[in-house]
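Heads up: the structure comes next, in structure tokens.
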Amino acid sequence: MKIEWYPGHMAKARRQIIEVMATIDVVIEVIDARLPASSSNPLLAKLRGVKPCIKILNKNDLADPEVTRAWVRHFEEESNVRALPLEAKQRTEVAHIPTLCRGMVSRPGKPWKSLRVMVMGIPNVGKSTLINTLAGKRMARIGDKPAITTCPQQIDLRNGIFLSDTPGLLWPVMSDQRGAYRLATSGAIGDSAIDYADVALFAVAFMMRRYPDLLCARYDLQALPESPTAALEEIGRRRGCLVGGGEINLQRAGEAFLRDLRGGRIGRVSLEEPGEEIVAEAAPEEG
Ligand code: GDP
């Protein structure tokens with residue numbers, strides 16, 4: 001599998017982010033708690049500089065809690081960064097964010113002012129879900145006149161916080177193929193761009209190494225199969241993914257397995273841990 005984005009997309013996003021970043025007090029970067037490194041775009045860290053940043057480890061309901069705690073410690077080693085695992089649909093969890101934002105910019109003795117906050121992240125990490133939960137019924141769009149092209153859409157949260165939409169599309173970085181497979185496993189890449197059997201074999205191999213008990217429990221396997229292919233065949237057999245002559249249709253087996261994994265039906269699974277040498281240089285810069 002080789003999945004790449006056009007560098008031109010990145011160059012445009014970069015220009016747009018630079019423009020808006022100057023007006024922003026706090027950056028909220030939404031990442032996927034199951035793969036915090038591969039679902040981050042290093043370009044953002046570079047453009048953000050030392051600006052306060054809250055990393056939202058979203059989809060926490062699907063991730064391994066122990067690994068997520070390790071990621072929080074890892075991210076919070078950087079000054080000006082706070083990390084908050086949550087589930088973007090959960091109002092009570094999201095409700096901590098405004099206080100956290102204010103805490104990050106409070107200056108003793110300075111008068112309280114309204115904050116401009118930008119929500120960023122690669123597609124499918126849950127930005128829209130988070131914005132909707134943050135805004136709730138209070139959502140009011142301002143500055144949406146067509147003439148204001150350099151100013152992104154803003155949402156007045158009516159609590160002293162103005163939320164800016166993502167100004168540019170920030171694609172994941174695909175130069176690291178392990179990262180690309182993790183993204184594909186998580187569902188962050190459109191399924192039309194992936195080969196189910198190929199991605200599922202990667203994911204099954206990972207599960208056999210890291211979470212063998214969860215895998216066996218979900219599919220009622222007495223012992224761990226010899227190879228990822230044997231395991232996927234076994235899963236396919238149990239899920240009725242057969243073609244003529246009792247052969248397994250590995251594409252359908254892969255699709256069924258990935259659906260189980262992404263839906264949390266195998267258990268809470270994290271695809272990467274801090275300390276593994278992972279990802280990804282920022283893509284070559286342009287323009
Ligand atoms: P965006 O492209 O970053 O704006 O992502 P969306 O808000 O459209 O979310 C992408 C998908 O992830 C949707 O199917 C959401 O329902 C799902 N999603 C968002 N947040 C969560 C979460 O905390 N947990 C789970 N399990 N799914 C989520």
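Each chain in the structure tokens gets a letter, A, B and so on, in the order shown; residues start at 1 in every chain, and ligands are counted from 1 in the order they appear.
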Would you tabulate, counting only C-alpha atoms and all ligand atoms, all residues of chain A that have an atom at most 10 Å from an atom of ligand 1, showing the closest pair of atoms and their distance in Å to one decimal, sorted by chain then ascending number, as CSV?
residue,atom,partner,partner_atom_place_in_ligand_line,distance
A:Val30,CA,ligand 1,3 (O),7.6
A:Ile31,CA,ligand 1,3 (O),8.7
A:Asp32,CA,ligand 1,23 (O),8.6
A:Ala33,CA,ligand 1,23 (O),9.0
A:Ile56,CA,ligand 1,23 (O),9.9
A:Leu57,CA,ligand 1,23 (O),8.7
A:Asn58,CA,ligand 1,23 (O),5.0
A:Lys59,CA,ligand 1,23 (O),3.5
A:Asn60,CA,ligand 1,23 (O),6.1
A:Asp61,CA,ligand 1,24 (N),5.8
A:Leu62,CA,ligand 1,26 (N),6.0
A:Ala63,CA,ligand 1,26 (N),9.3
A:Pro85,CA,ligand 1,23 (O),9.1
A:Leu86,CA,ligand 1,23 (O),6.3
A:Glu87,CA,ligand 1,23 (O),3.3
A:Ala88,CA,ligand 1,23 (O),4.2
A:Lys89,CA,ligand 1,23 (O),5.9
A:Gln90,CA,ligand 1,23 (O),7.6
A:Val119,CA,ligand 1,3 (O),9.5
A:Met120,CA,ligand 1,3 (O),8.2
A:Gly121,CA,ligand 1,3 (O),6.5
A:Ile122,CA,ligand 1,3 (O),6.3
A:Pro123,CA,ligand 1,2 (O),4.0
A:Asn124,CA,ligand 1,2 (O),3.4
A:Val125,CA,ligand 1,3 (O),4.1
A:Gly126,CA,ligand 1,5 (O),3.3
A:Lys127,CA,ligand 1,3 (O),3.7
A:Ser128,CA,ligand 1,4 (O),3.7
A:Thr129,CA,ligand 1,7 (O),3.7
A:Leu130,CA,ligand 1,7 (O),6.5
A:Ile131,CA,ligand 1,7 (O),8.0
A:Asn132,CA,ligand 1,7 (O),8.4
A:Thr133,CA,ligand 1,7 (O),9.9
A:Thr166,CA,ligand 1,4 (O),9.5
A:Leu169,CA,ligand 1,2 (O),9.9
A:Ser186,CA,ligand 1,12 (O),9.9
A:Gly187,CA,ligand 1,11 (C),8.6
A:Ala188,CA,ligand 1,10 (C),8.1
A:Arg262,CA,ligand 1,26 (N),8.0
A:Gly263,CA,ligand 1,26 (N),6.9
A:Gly264,CA,ligand 1,26 (N),7.6
Residues from last step as file, N, CA and C atoms, as a compact mmCIF listing (two decimals), in the first residue's frame:
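File result-v6.txt, as written:
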# COMPACT_ATOMS: atom_id res chain seq x y z
N VAL A 30 -6.77 18.35 17.83
CA VAL A 30 -7.50 17.11 18.06
C VAL A 30 -6.73 15.97 17.39
N ILE A 31 -6.41 14.94 18.19
CA ILE A 31 -5.74 13.76 17.65
C ILE A 31 -6.52 12.53 18.09
N ASP A 32 -6.19 11.41 17.50
CA ASP A 32 -6.88 10.17 17.83
C ASP A 32 -6.12 9.47 18.94
N ALA A 33 -6.79 9.23 20.06
CA ALA A 33 -6.11 8.66 21.23
C ALA A 33 -5.49 7.29 20.92
N ILE A 56 -6.20 17.31 22.42
CA ILE A 56 -7.35 16.50 22.77
C ILE A 56 -7.12 15.10 22.22
N LEU A 57 -6.97 14.13 23.12
CA LEU A 57 -6.83 12.75 22.68
C LEU A 57 -8.24 12.18 22.57
N ASN A 58 -8.81 12.37 21.40
CA ASN A 58 -10.22 12.03 21.21
C ASN A 58 -10.38 10.53 20.93
N LYS A 59 -11.62 10.10 21.02
CA LYS A 59 -11.97 8.67 20.85
C LYS A 59 -11.34 7.85 21.98
N ASN A 60 -11.23 8.49 23.13
CA ASN A 60 -10.67 7.84 24.30
C ASN A 60 -11.44 6.57 24.67
N ASP A 61 -12.71 6.53 24.29
CA ASP A 61 -13.53 5.34 24.58
C ASP A 61 -12.99 4.11 23.86
N LEU A 62 -12.20 4.30 22.78
CA LEU A 62 -11.71 3.17 22.00
C LEU A 62 -10.27 2.79 22.35
N ALA A 63 -9.57 3.69 23.06
CA ALA A 63 -8.12 3.50 23.28
C ALA A 63 -7.84 2.79 24.60
N PRO A 85 -7.56 13.52 27.43
CA PRO A 85 -8.27 12.45 26.73
C PRO A 85 -9.77 12.62 26.93
N LEU A 86 -10.54 12.44 25.89
CA LEU A 86 -11.99 12.53 26.05
C LEU A 86 -12.73 11.88 24.89
N GLU A 87 -14.04 11.87 25.05
CA GLU A 87 -14.91 11.39 23.99
C GLU A 87 -15.71 12.61 23.55
N ALA A 88 -15.54 13.01 22.29
CA ALA A 88 -16.02 14.33 21.86
C ALA A 88 -17.53 14.53 22.00
N LYS A 89 -18.27 13.43 22.06
CA LYS A 89 -19.73 13.59 22.17
C LYS A 89 -20.17 13.83 23.61
N GLN A 90 -19.25 13.59 24.54
CA GLN A 90 -19.64 13.66 25.95
C GLN A 90 -19.52 15.09 26.47
N VAL A 119 -9.39 25.26 16.46
CA VAL A 119 -9.44 23.80 16.53
C VAL A 119 -8.83 23.23 15.25
N MET A 120 -7.82 22.40 15.41
CA MET A 120 -7.13 21.86 14.23
C MET A 120 -6.96 20.37 14.34
N GLY A 121 -6.66 19.76 13.23
CA GLY A 121 -6.38 18.32 13.23
C GLY A 121 -6.63 17.73 11.86
N ILE A 122 -6.12 16.55 11.65
CA ILE A 122 -6.32 15.87 10.36
C ILE A 122 -7.79 15.44 10.24
N PRO A 123 -8.25 15.11 9.05
CA PRO A 123 -9.65 14.69 8.90
C PRO A 123 -9.97 13.44 9.73
N ASN A 124 -11.21 13.39 10.18
CA ASN A 124 -11.77 12.21 10.86
C ASN A 124 -11.36 11.99 12.30
N VAL A 125 -10.64 12.93 12.89
CA VAL A 125 -10.26 12.74 14.29
C VAL A 125 -11.38 13.17 15.23
N GLY A 126 -12.38 13.89 14.70
CA GLY A 126 -13.52 14.27 15.54
C GLY A 126 -13.63 15.76 15.81
N LYS A 127 -13.05 16.59 14.93
CA LYS A 127 -13.10 18.05 15.15
C LYS A 127 -14.54 18.57 15.16
N SER A 128 -15.31 18.17 14.14
CA SER A 128 -16.69 18.69 14.04
C SER A 128 -17.51 18.24 15.24
N THR A 129 -17.32 16.99 15.63
CA THR A 129 -18.06 16.48 16.78
C THR A 129 -17.72 17.31 18.02
N LEU A 130 -16.43 17.58 18.19
CA LEU A 130 -15.99 18.36 19.35
C LEU A 130 -16.57 19.78 19.31
N ILE A 131 -16.49 20.41 18.14
CA ILE A 131 -16.99 21.78 18.03
C ILE A 131 -18.49 21.81 18.33
N ASN A 132 -19.22 20.85 17.81
CA ASN A 132 -20.66 20.81 18.07
C ASN A 132 -20.96 20.64 19.55
N THR A 133 -20.20 19.78 20.21
CA THR A 133 -20.44 19.58 21.64
C THR A 133 -20.05 20.83 22.43
N THR A 166 -11.02 25.27 11.53
CA THR A 166 -9.74 24.99 10.90
C THR A 166 -9.62 25.79 9.61
N LEU A 169 -6.98 22.53 5.31
CA LEU A 169 -7.04 21.09 5.53
C LEU A 169 -5.65 20.56 5.86
N SER A 186 -7.34 2.65 11.76
CA SER A 186 -8.25 3.42 12.63
C SER A 186 -9.48 3.92 11.88
N GLY A 187 -9.41 3.92 10.54
CA GLY A 187 -10.53 4.42 9.75
C GLY A 187 -10.34 5.87 9.31
N ALA A 188 -9.14 6.42 9.56
CA ALA A 188 -8.92 7.84 9.21
C ALA A 188 -8.76 8.06 7.70
N ARG A 262 -12.58 -1.10 14.82
CA ARG A 262 -12.89 0.34 14.87
C ARG A 262 -14.10 0.63 15.74
N GLY A 263 -14.99 -0.32 15.84
CA GLY A 263 -16.19 -0.12 16.65
C GLY A 263 -15.96 -0.43 18.12
N GLY A 264 -14.74 -0.80 18.48
CA GLY A 264 -14.43 -1.09 19.88
C GLY A 264 -14.94 -2.46 20.33
| said: Residues within 12 Å of Ala230 of chain A, please, as number ranges by chain. Count only C-alpha atoms; anything in the same chain fewer than 2 positions from it doesn't count. | reply: A: 201, 204-205, 208, 221, 223-228, 232-237, 248, 250, 253
Give me the segment 155-260 of chain A side of the contact with segment 38-48 of chain A, cut-off 10 Å, one line per residue showing its nearest atom pair and distance in Å at one decimal, counting only C-alpha atoms, sorted by chain and residue number, as CSV.
residue,atom,partner,partner_atom,distance
A:Leu170,CA,A:Asn41,CA,7.1
A:Trp171,CA,A:Asn41,CA,7.2
A:Pro172,CA,A:Asn41,CA,5.7
A:Val173,CA,A:Asn41,CA,6.3
A:Met174,CA,A:Ser38,CA,8.7
A:Asp176,CA,A:Ser38,CA,8.8
A:Arg178,CA,A:Ser38,CA,8.7
A:Gly179,CA,A:Ser38,CA,5.1
A:Ala180,CA,A:Ser38,CA,7.5
A:Tyr181,CA,A:Ser38,CA,9.5
A:Arg182,CA,A:Ser38,CA,7.3
A:Leu183,CA,A:Ser38,CA,6.8
A:Ser186,CA,A:Ser39,CA,9.7
A:Ala188,CA,A:Ser39,CA,8.4
| request: Could you pull out the residues in segment 56-269 of chain A that DSSP calls strand (DSSP E) from the backbone, as a ChimeraX atom specification? | output: /A:56-58,81-85,115-120,141-142,154-156,161-164
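Atom CA of Leu115 of chain A to atom CA of Val20 of chain A spans 13.7 Å [interatomic distance, one decimal].
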| Nearest to Arg209 of chain A, chosen from A:Leu271, A:Gly240, A:Glu93, A:Val26, with only C-alpha atoms counted in the distances |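 Looking only at the distances to Arg209 of chain A, the closest residue turns out to be A:Leu271.
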| task | Show which residues sit within 6 Å of segment 64-66 of chain A, as a PyMOL selection string. Count only C-alpha atoms, and ignore same-chain residues fewer than 4 positions away. | result | chain A and resi 268-270
| task | Write out as a count of residues only all residues of segment 135-275 of chain A that DSSP puts in alpha helix (DSSP H) for this structure's backbone. | result | 58
